[in-house]
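Take a look at the structure below.
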Amino acid sequence: YLTRHCLALQAWHQMFSLFSIVSPLLTALTHGMCVWISALGCFVTIQYFVLVVPSALMKEECERWRNRGVQFQEVGVLVHITGLPVAVLDLLFAKSAAEMEQALSMSRTIALTILYSLVYLGIIVANHQVTRTWPYGFMNDFGTNAGKW
């Protein structure tokens with residue numbers, strides 16, 4: 001799922017950011033990637049609370065797990081809420097504006113975002129062709145109709 005990808009990338013980014021204290025190469029790399037990684041973290045949080053939580057299928061799944069004694073909804077909130085604050089803290093406090101100005105390439109960031117989105121979309125469409133299941137219930141409404149996406 002997108003959440004696992006984005007939060008794992010964000011965690012690796014934070015670890016490399018910590019090690020960048022002793023490595024100029026890692027400093028340039030982490031400052032150059034920080035906008036893209038932060039965008040992923042923000043997207044995970046916003047997408048979950050705007051698209052996933054309100055969906056009828058998510059509400060049904062939360063109820064099913066609640067009946068089994070599992071706090072599925074609460075775990076979902078804890079997992080998804082971290083992306084946005086970590087991203088904001090990273091951009092505003094952990095990164096140097098001067099270093100970002102030197103290392104950041106917005107054209108490469110946009111290209112990376114487009115590439116990542118297309119590859120991820122390709123993976124979930126291919127997975128849907130094999131399993132007939134989308135990673136999120138609300139995607140059933142989109143189907144494979146490109147106009148609905």
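In the structure tokens, chains take letters A, B, ... by order of appearance, with residues numbered from 1 within each chain and ligands from 1 in the order shown.
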
Distance query Phe72 in chain A at most 8 Å, only C-alpha atoms, self and fewer than 6 positions along chain excluded, as an NGL selection string: :A and (62 or 65-66)

Contacts of range 32-45 of chain A within 9 Å, only C-alpha atoms, excl. fewer than 2 positions in-chain, as a ChimeraX atom specification: /A:2-3,6-7,9-10,13,27-30,47-50,77,79-88,90-91,95,99-106,109-110,112-113

Next item on the list: Please run DSSP on the backbone and report, as number ranges by chain, all residues within chain A that come out as helix (DSSP H, G or I).
Entry: A: 2-19, 24-52, 56-67, 72-81, 83-94, 97-103, 106-131, 137-141
